$ cat input_18.cif   # mmCIF, C-alpha atoms
data_work
loop_
_atom_site.group_PDB
_atom_site.id
_atom_site.type_symbol
_atom_site.label_atom_id
_atom_site.label_comp_id
_atom_site.auth_asym_id
_atom_site.auth_seq_id
_atom_site.Cartn_x
_atom_site.Cartn_y
_atom_site.Cartn_z
ATOM 1 C CA MET K 245 32.140 13.138 -31.901
ATOM 2 C CA THR K 246 35.017 14.482 -29.821
ATOM 3 C CA ALA K 247 38.008 12.506 -28.617
ATOM 4 C CA THR K 248 36.611 12.727 -25.107
ATOM 5 C CA ASP K 249 33.312 11.167 -26.261
ATOM 6 C CA GLN K 250 35.159 8.384 -28.056
ATOM 7 C CA THR K 251 37.117 7.362 -24.979
ATOM 8 C CA LYS K 252 34.230 7.615 -22.528
ATOM 9 C CA GLN K 253 33.637 4.252 -20.884
ATOM 10 C CA PRO K 254 30.115 3.003 -20.126
ATOM 11 C CA SER K 255 29.220 2.988 -16.435
ATOM 12 C CA ALA K 256 29.328 -0.393 -14.730
ATOM 13 C CA PRO K 257 25.947 -2.030 -14.080
ATOM 14 C CA PRO K 258 24.799 -2.016 -10.442
ATOM 15 C CA SER K 259 25.803 -5.023 -8.366
ATOM 16 C CA PRO K 260 23.116 -7.726 -8.163
ATOM 17 C CA MET K 261 21.345 -8.385 -4.886
ATOM 18 C CA ARG K 262 22.590 -11.445 -3.027
ATOM 19 C CA VAL K 263 19.602 -13.581 -2.055
ATOM 20 C CA LEU K 264 19.113 -16.247 0.620
ATOM 21 C CA VAL K 265 16.104 -18.607 0.299
ATOM 22 C CA VAL K 266 14.933 -20.214 3.566
ATOM 23 C CA ASP K 267 12.213 -22.885 3.517
ATOM 24 C CA ASP K 268 11.976 -26.378 4.991
ATOM 25 C CA GLU K 269 10.405 -27.680 1.746
ATOM 26 C CA PRO K 270 13.027 -28.387 -0.967
ATOM 27 C CA LEU K 271 10.446 -28.033 -3.745
ATOM 28 C CA ALA K 272 9.459 -24.596 -2.459
ATOM 29 C CA ARG K 273 13.100 -23.485 -2.422
ATOM 30 C CA ARG K 274 13.673 -24.819 -5.926
ATOM 31 C CA GLY K 275 10.539 -23.104 -7.255
ATOM 32 C CA LEU K 276 11.513 -19.735 -5.823
ATOM 33 C CA ARG K 277 15.082 -20.089 -7.095
ATOM 34 C CA LEU K 278 13.816 -20.777 -10.629
ATOM 35 C CA ARG K 279 11.504 -17.788 -10.557
ATOM 36 C CA LEU K 280 14.231 -15.500 -9.243
ATOM 37 C CA ALA K 281 16.430 -16.640 -12.145
ATOM 38 C CA ARG K 282 14.207 -14.483 -14.409
ATOM 39 C CA HIS K 283 15.672 -11.414 -12.729
ATOM 40 C CA ALA K 284 19.245 -10.671 -13.744
ATOM 41 C CA ASP K 285 19.821 -8.464 -10.693
ATOM 42 C CA MET K 286 18.928 -11.248 -8.232
ATOM 43 C CA VAL K 287 21.530 -13.927 -7.434
ATOM 44 C CA VAL K 288 20.670 -16.743 -5.034
ATOM 45 C CA VAL K 289 23.862 -17.286 -3.038
ATOM 46 C CA ALA K 290 22.531 -19.857 -0.569
ATOM 47 C CA GLU K 291 19.550 -21.911 0.574
ATOM 48 C CA ALA K 292 18.604 -23.096 4.052
ATOM 49 C CA GLY K 293 16.068 -25.647 5.228
ATOM 50 C CA ASN K 294 15.692 -24.468 8.823
ATOM 51 C CA GLY K 295 16.273 -21.501 11.105
ATOM 52 C CA LEU K 296 19.682 -22.525 12.433
ATOM 53 C CA ALA K 297 20.999 -23.139 8.929
ATOM 54 C CA ALA K 298 19.620 -19.742 7.927
ATOM 55 C CA LEU K 299 21.550 -18.025 10.750
ATOM 56 C CA GLU K 300 24.749 -19.689 9.570
ATOM 57 C CA ALA K 301 24.068 -18.708 5.954
ATOM 58 C CA VAL K 302 23.445 -15.067 6.876
ATOM 59 C CA SER K 303 26.718 -14.948 8.815
ATOM 60 C CA ARG K 304 28.644 -16.682 6.037
ATOM 61 C CA GLU K 305 27.139 -15.107 2.893
ATOM 62 C CA GLN K 306 25.924 -11.722 4.208
ATOM 63 C CA PRO K 307 22.956 -11.654 1.782
ATOM 64 C CA ASP K 308 21.174 -8.449 0.853
ATOM 65 C CA LEU K 309 17.735 -10.082 0.664
ATOM 66 C CA MET K 310 16.205 -13.069 2.447
ATOM 67 C CA PHE K 311 13.014 -14.949 1.563
ATOM 68 C CA LEU K 312 12.025 -16.496 4.896
ATOM 69 C CA ASP K 313 9.399 -19.177 5.514
ATOM 70 C CA VAL K 314 7.371 -18.681 8.704
ATOM 71 C CA GLN K 315 6.566 -22.236 9.754
ATOM 72 C CA MET K 316 9.670 -24.414 10.057
ATOM 73 C CA PRO K 317 10.564 -27.166 12.517
ATOM 74 C CA GLY K 318 12.613 -26.028 15.488
ATOM 75 C CA LEU K 319 13.364 -22.355 15.021
ATOM 76 C CA ASP K 320 10.581 -20.688 13.015
ATOM 77 C CA GLY K 321 10.921 -17.635 10.773
ATOM 78 C CA PHE K 322 10.187 -15.067 13.483
ATOM 79 C CA GLY K 323 12.621 -16.723 15.879
ATOM 80 C CA THR K 324 15.266 -16.766 13.170
ATOM 81 C CA LEU K 325 14.914 -13.057 12.465
ATOM 82 C CA GLU K 326 14.944 -12.266 16.187
ATOM 83 C CA LYS K 327 18.252 -14.105 16.711
ATOM 84 C CA LEU K 328 20.117 -12.208 14.021
ATOM 85 C CA PRO K 329 22.570 -9.677 15.500
ATOM 86 C CA LEU K 330 21.588 -6.031 15.279
ATOM 87 C CA GLY K 331 22.527 -4.626 11.887
ATOM 88 C CA GLN K 332 23.165 -8.038 10.332
ATOM 89 C CA ALA K 333 19.614 -8.861 9.252
ATOM 90 C CA PRO K 334 19.134 -8.628 5.471
ATOM 91 C CA ILE K 335 16.056 -7.157 3.841
ATOM 92 C CA THR K 336 13.435 -9.780 4.690
ATOM 93 C CA ILE K 337 10.354 -10.965 2.800
ATOM 94 C CA PHE K 338 8.274 -13.570 4.617
ATOM 95 C CA VAL K 339 6.760 -16.370 2.523
ATOM 96 C CA THR K 340 4.071 -18.631 3.992
ATOM 97 C CA ALA K 341 0.841 -20.457 3.221
ATOM 98 C CA TYR K 342 -0.949 -18.772 6.126
ATOM 99 C CA ASP K 343 -2.168 -15.171 6.248
ATOM 100 C CA GLN K 344 -2.665 -14.937 10.032
ATOM 101 C CA TYR K 345 1.001 -14.022 10.502
ATOM 102 C CA ALA K 346 0.849 -10.859 8.380
ATOM 103 C CA VAL K 347 0.632 -8.309 11.204
ATOM 104 C CA GLN K 348 3.379 -10.080 13.168
ATOM 105 C CA ALA K 349 5.562 -10.104 10.065
ATOM 106 C CA PHE K 350 5.382 -6.336 9.622
ATOM 107 C CA GLU K 351 5.881 -5.776 13.346
ATOM 108 C CA ALA K 352 9.108 -7.787 12.899
ATOM 109 C CA ARG K 353 10.217 -5.169 10.321
ATOM 110 C CA ALA K 354 9.660 -7.396 7.293
ATOM 111 C CA LEU K 355 9.626 -5.527 3.992
ATOM 112 C CA ASP K 356 6.838 -7.665 2.530
ATOM 113 C CA TYR K 357 4.705 -10.752 3.137
ATOM 114 C CA LEU K 358 3.917 -13.242 0.360
ATOM 115 C CA LEU K 359 1.315 -15.980 0.450
ATOM 116 C CA LYS K 360 1.974 -19.380 -1.140
ATOM 117 C CA PRO K 361 1.485 -20.136 -3.939
ATOM 118 C CA VAL K 362 3.190 -16.866 -4.817
ATOM 119 C CA GLU K 363 1.879 -15.196 -7.956
ATOM 120 C CA ASP K 364 4.458 -13.832 -10.414
ATOM 121 C CA GLU K 365 2.965 -10.352 -10.319
ATOM 122 C CA ARG K 366 3.020 -10.286 -6.520
ATOM 123 C CA LEU K 367 6.638 -11.503 -6.470
ATOM 124 C CA ASP K 368 7.630 -8.790 -8.941
ATOM 125 C CA GLN K 369 6.044 -6.154 -6.699
ATOM 126 C CA ALA K 370 7.973 -7.437 -3.692
ATOM 127 C CA LEU K 371 11.238 -7.405 -5.664
ATOM 128 C CA ASP K 372 10.628 -3.817 -6.772
ATOM 129 C CA ARG K 373 10.247 -2.813 -3.123
ATOM 130 C CA ALA K 374 13.398 -4.720 -2.233
ATOM 131 C CA ARG K 375 15.358 -2.966 -5.000
ATOM 132 C CA ALA K 376 14.200 0.469 -3.842
ATOM 133 C CA HIS K 377 15.086 -0.318 -0.223
ATOM 134 C CA PHE K 378 18.469 -1.697 -1.278
ATOM 135 C CA ARG K 379 19.256 1.480 -3.238
ATOM 136 C CA GLU K 380 18.406 3.585 -0.184
ATOM 137 C CA GLN K 381 20.659 1.481 2.020
ATOM 138 C CA ARG K 382 23.573 1.804 -0.410
ATOM 139 C CA ALA K 383 23.038 5.560 -0.657
ATOM 140 C CA GLU K 384 23.134 5.863 3.133
ATOM 141 C CA VAL K 385 26.337 3.796 3.322
ATOM 142 C CA HIS K 386 27.879 5.914 0.567
ATOM 143 C CA CYS K 387 26.961 9.079 2.456
ATOM 144 C CA GLU K 388 28.496 7.738 5.684
ATOM 145 C CA ARG K 389 31.714 6.806 3.874
ATOM 146 C CA LEU K 390 31.879 10.202 2.195
ATOM 147 C CA LEU K 391 31.446 11.953 5.537
ATOM 148 C CA GLY K 392 34.234 9.768 6.932
ATOM 149 C CA LEU K 393 36.550 10.816 4.124
ATOM 150 C CA LEU K 394 35.625 14.464 4.599
ATOM 151 C CA ALA K 395 36.272 14.143 8.337
ATOM 152 C CA ASP K 396 39.741 12.681 7.646
ATOM 153 C CA TRP K 397 40.468 15.398 5.110
ATOM 154 C CA SER K 398 39.342 18.196 7.440
ATOM 155 C CA GLY K 399 41.127 16.732 10.475
ATOM 156 C CA LYS K 400 37.912 16.446 12.475
ATOM 157 C CA SER K 401 37.163 13.234 14.366
ATOM 158 C CA GLU K 402 33.464 13.477 13.480
ATOM 159 C CA LEU K 403 31.615 15.365 10.790
ATOM 160 C CA SER K 404 27.849 15.697 10.464
ATOM 161 C CA LEU K 405 26.027 16.177 7.190
ATOM 162 C CA GLU K 406 24.991 19.687 8.271
ATOM 163 C CA SER K 407 28.539 20.798 9.030
ATOM 164 C CA ALA K 408 29.773 19.252 5.782
ATOM 165 C CA LEU K 409 27.199 21.261 3.831
ATOM 166 C CA GLU K 410 28.133 24.436 5.676
ATOM 167 C CA ASN K 411 31.738 23.938 4.568
ATOM 168 C CA GLY K 412 30.816 23.493 0.933
ATOM 169 C CA ALA K 413 30.782 19.686 0.797
ATOM 170 C CA LYS K 414 27.478 18.613 -0.641
ATOM 171 C CA PRO K 415 26.747 14.865 -0.724
ATOM 172 C CA GLN K 416 23.563 13.931 -2.570
ATOM 173 C CA PRO K 417 20.775 13.889 0.046
ATOM 174 C CA VAL K 418 18.704 10.753 0.489
ATOM 175 C CA GLU K 419 14.967 11.270 0.769
ATOM 176 C CA GLU K 420 13.948 9.660 4.022
ATOM 177 C CA THR K 421 10.681 7.763 4.100
ATOM 178 C CA LEU K 422 8.515 5.985 6.637
ATOM 179 C CA THR K 423 7.222 2.611 5.415
ATOM 180 C CA VAL K 424 3.800 1.641 6.793
ATOM 181 C CA LYS K 425 1.253 -1.076 6.028
ATOM 182 C CA ASP K 426 -2.184 0.104 4.897
ATOM 183 C CA GLY K 427 -4.453 -2.907 4.515
ATOM 184 C CA HIS K 428 -2.697 -5.207 2.048
ATOM 185 C CA LYS K 429 -0.437 -2.453 0.725
ATOM 186 C CA LEU K 430 2.896 -1.044 1.830
ATOM 187 C CA LEU K 431 3.074 2.736 1.627
ATOM 188 C CA ARG K 432 6.170 4.909 1.771
ATOM 189 C CA VAL K 433 5.509 8.266 3.407
ATOM 190 C CA PRO K 434 8.236 10.901 2.869
ATOM 191 C CA HIS K 435 9.377 12.392 6.172
ATOM 192 C CA ARG K 436 8.989 15.873 4.711
ATOM 193 C CA ASP K 437 5.224 15.264 4.252
ATOM 194 C CA ILE K 438 4.534 14.268 7.861
ATOM 195 C CA ARG K 439 2.918 16.953 10.026
ATOM 196 C CA TRP K 440 2.071 15.043 13.190
ATOM 197 C CA ILE K 441 1.268 11.529 14.429
ATOM 198 C CA ASP K 442 -1.135 10.688 17.226
ATOM 199 C CA ALA K 443 -2.283 7.484 18.886
ATOM 200 C CA ALA K 444 -5.781 6.001 18.837
ATOM 201 C CA GLY K 445 -5.840 2.834 20.904
ATOM 202 C CA ASP K 446 -3.711 0.187 19.210
ATOM 203 C CA TYR K 447 -3.463 2.303 16.069
ATOM 204 C CA LEU K 448 -1.584 5.384 14.927
ATOM 205 C CA CYS K 449 -2.918 8.224 12.800
ATOM 206 C CA ILE K 450 -0.212 9.594 10.499
ATOM 207 C CA HIS K 451 -1.173 13.035 9.218
ATOM 208 C CA ALA K 452 0.859 13.652 6.070
ATOM 209 C CA GLY K 453 0.371 15.401 2.755
ATOM 210 C CA GLY K 454 -3.197 16.434 3.534
ATOM 211 C CA GLU K 455 -4.226 12.834 4.283
ATOM 212 C CA THR K 456 -4.498 10.682 7.391
ATOM 213 C CA LEU K 457 -3.199 7.109 7.338
ATOM 214 C CA VAL K 458 -4.380 4.768 10.077
ATOM 215 C CA VAL K 459 -1.908 1.974 10.818
ATOM 216 C CA ARG K 460 -1.418 -0.529 13.603
ATOM 217 C CA GLY K 461 1.381 0.408 16.011
ATOM 218 C CA THR K 462 2.480 2.196 19.160
ATOM 219 C CA MET K 463 3.999 5.583 19.882
ATOM 220 C CA LYS K 464 7.061 3.866 21.365
ATOM 221 C CA ASP K 465 7.629 2.012 18.089
ATOM 222 C CA MET K 466 7.190 5.206 16.067
ATOM 223 C CA GLU K 467 9.610 7.110 18.317
ATOM 224 C CA GLU K 468 12.263 4.458 17.639
ATOM 225 C CA ARG K 469 11.728 4.694 13.870
ATOM 226 C CA LEU K 470 11.886 8.491 13.596
ATOM 227 C CA ASP K 471 14.565 11.035 14.501
ATOM 228 C CA SER K 472 13.603 12.446 17.911
ATOM 229 C CA GLN K 473 15.145 15.825 17.031
ATOM 230 C CA ARG K 474 13.076 16.143 13.892
ATOM 231 C CA PHE K 475 9.941 14.460 15.255
ATOM 232 C CA PRO K 476 9.865 15.122 19.018
ATOM 233 C CA ARG K 477 7.200 13.624 21.228
ATOM 234 C CA ILE K 478 5.046 16.387 22.707
ATOM 235 C CA HIS K 479 2.442 14.356 24.541
ATOM 236 C CA ARG K 480 1.906 10.823 25.781
ATOM 237 C CA SER K 481 -0.033 10.122 22.582
ATOM 238 C CA ALA K 482 1.418 12.526 20.004
ATOM 239 C CA LEU K 483 4.598 13.549 18.220
ATOM 240 C CA VAL K 484 5.066 16.377 15.737
ATOM 241 C CA ALA K 485 7.339 17.451 12.892
ATOM 242 C CA ALA K 486 9.338 20.253 14.528
ATOM 243 C CA GLU K 487 9.792 22.109 11.233
ATOM 244 C CA ARG K 488 5.999 22.373 10.897
ATOM 245 C CA VAL K 489 5.546 24.354 14.125
ATOM 246 C CA ARG K 490 4.902 28.019 13.435
ATOM 247 C CA GLU K 491 3.783 29.372 16.817
ATOM 248 C CA LEU K 492 4.004 28.575 20.532
ATOM 249 C CA ARG K 493 1.146 29.681 22.770
ATOM 250 C CA PRO K 494 1.694 29.416 26.548
ATOM 251 C CA HIS K 495 -1.096 27.721 28.459
ATOM 252 C CA LEU K 496 -1.850 26.942 32.089
ATOM 253 C CA ASN K 497 0.399 24.851 34.378
ATOM 254 C CA GLY K 498 3.441 25.079 32.133
ATOM 255 C CA GLU K 499 1.730 23.619 29.078
ATOM 256 C CA TYR K 500 1.877 25.070 25.560
ATOM 257 C CA PHE K 501 -0.205 24.953 22.426
ATOM 258 C CA LEU K 502 1.699 24.406 19.172
ATOM 259 C CA VAL K 503 0.268 25.902 15.986
ATOM 260 C CA LEU K 504 1.352 24.057 12.825
ATOM 261 C CA ASP K 505 1.732 25.478 9.334
ATOM 262 C CA CYS K 506 -1.573 23.837 8.372
ATOM 263 C CA GLY K 507 -3.455 25.537 11.233
ATOM 264 C CA GLN K 508 -3.651 22.431 13.411
ATOM 265 C CA ILE K 509 -3.255 23.104 17.135
ATOM 266 C CA LEU K 510 -1.560 20.515 19.344
ATOM 267 C CA LYS K 511 -0.834 20.505 23.064
ATOM 268 C CA LEU K 512 2.699 20.268 24.419
ATOM 269 C CA SER K 513 2.215 18.712 27.846
ATOM 270 C CA ARG K 514 4.182 19.880 30.865
ATOM 271 C CA SER K 515 6.174 16.634 31.094
ATOM 272 C CA TYR K 516 7.637 17.311 27.621
ATOM 273 C CA ARG K 517 8.630 20.964 28.151
ATOM 274 C CA ASP K 518 12.261 20.065 27.491
ATOM 275 C CA ARG K 519 11.310 19.768 23.810
ATOM 276 C CA LEU K 520 10.630 23.530 23.521
ATOM 277 C CA ALA K 521 14.167 24.230 22.310
ATOM 278 C CA LEU K 522 13.531 22.104 19.214
ATOM 279 C CA PHE K 523 10.919 24.445 17.802
ATOM 280 C CA ASN K 524 12.340 27.360 15.834
ATOM 281 C CA THR K 525 9.531 29.890 15.985
#
$ encode --input "input_18.cif" --output "structure tokens"
Amino acid sequence: MTATDQTKQPSAPPSPMRVLVVDDEPLARRGLRLRLARHADMVVVAEAGNGLAALEAVSREQPDLMFLDVQMPGLDGFGTLEKLPLGQAPITIFVTAYDQYAVQAFEARALDYLLKPVEDERLDQALDRARAHFREQRAEVHCERLLGLLADWSGKSELSLESALENGAKPQPVEETLTVKDGHKLLRVPHRDIRWIDAAGDYLCIHAGGETLVVRGTMKDMEERLDSQRFPRIHRSALVAAERVRELRPHLNGEYFLVLDCGQILKLSRSYRDRLALFNT
């Protein structure tokens, strides 16, 4: 063993997730707190018995994760989440005795939805998802801070990841994913696997990795969740991964046909012709 090996210090363990438990039933809060105590990386920093108290706790404690009951007197769980300022909402897992709120919960950007009484295995699955999401958030924050330092060092007011890479700075990239609900499961679809997404009534068809996932949602919602430069909308009911486009074929009345790397042909409608510059063909 070398002197360097002997003096090497072990890396510090990752910081635990700060948890807020919100439920109007004290016994329910106590039960969840006891079960979370089995997980060393979960620390309950506060409890709240109603929506208003939850808002105060989020502002005061800035938790990373919130278990939020749906039905509470006064301000319910959905109203509570809606009132949180943009960017202040923690990762949220809804907990309720009723399953009719599931779709609404995921439309409210909840990470998961647990039914009371919560089974240990189901809770563990939800915590695993929360950990993965938390790691992604920290990686994104780290990347933003690193770009800020590089911008200060280079004397530029702003610095994008692309320009940083061009100049030899190479932060570790974060694999971006799209989280969707498929039945009773949450699936994470890597952005790099998505070819195109089209609408079918109240549902969306996500064509990725040789498969098609059908999920409830709207094109407007999907546009807000994806980078418009990387996934431009090409039709009232379709958007496409720009990097997948291999050929542009002019059509009548200013329309185009886009040929993807998988052979799929999609129409670029005349009203979206301004998106042509995004396709490197």
$ residues_around --input "input_18.cif" --residues "range 302-306 of chain K" --least-positions-apart "4" --cutoff "12 Å" --atoms "only C-alpha atoms" --output "JSON, numbers by chain"
{"K": [261, 262, 263, 264, 265, 266, 287, 288, 289, 290, 291, 292, 295, 296, 297, 298, 310, 311, 312, 324, 325, 327, 328, 329, 331, 332, 333, 334, 335, 336]}
$ closest_residue --input "input_18.cif" --among "K:Arg439, K:Arg279, K:Arg382, K:His495" --to "Ala482 in chain K" --atoms "all atoms listed in the file"
K:Arg439
$ residues_near_point --input "input_18.cif" --point "(11.7, 10.7, 14.9)" --cutoff "12 Å" --atoms "all atoms listed in the file" --output "count of residues only"
30
$ atom_distance --input "input_18.cif" --atom1 "CA of Val314 in chain K" --atom2 "CA of Gln381 in chain K"
25.1 Å
$ closest_residue --input "input_18.cif" --among "K:Arg480, K:Arg274, K:Leu359, K:Gly461" --to "Tyr447 in chain K" --atoms "all atoms listed in the file"
K:Gly461
$ resolve_selection --input "input_18.cif" --expression "the PyMOL selection byres ((chain K and resi 285) around 12)" --output "list in words"
Pro257, Pro258, Ser259, Pro260, Met261, Arg262, Val263, Leu280, Ala281, Arg282, His283, Ala284, Met286, Val287, Val288, Asp308, Leu309, Leu371, Asp372, Ala374, Arg375 and Phe378 of chain K
$ residues_around --input "input_18.cif" --residues "Asp505 in chain K" --least-positions-apart "4" --cutoff "7 Å" --atoms "all atoms listed in the file" --output "count of residues only"
3
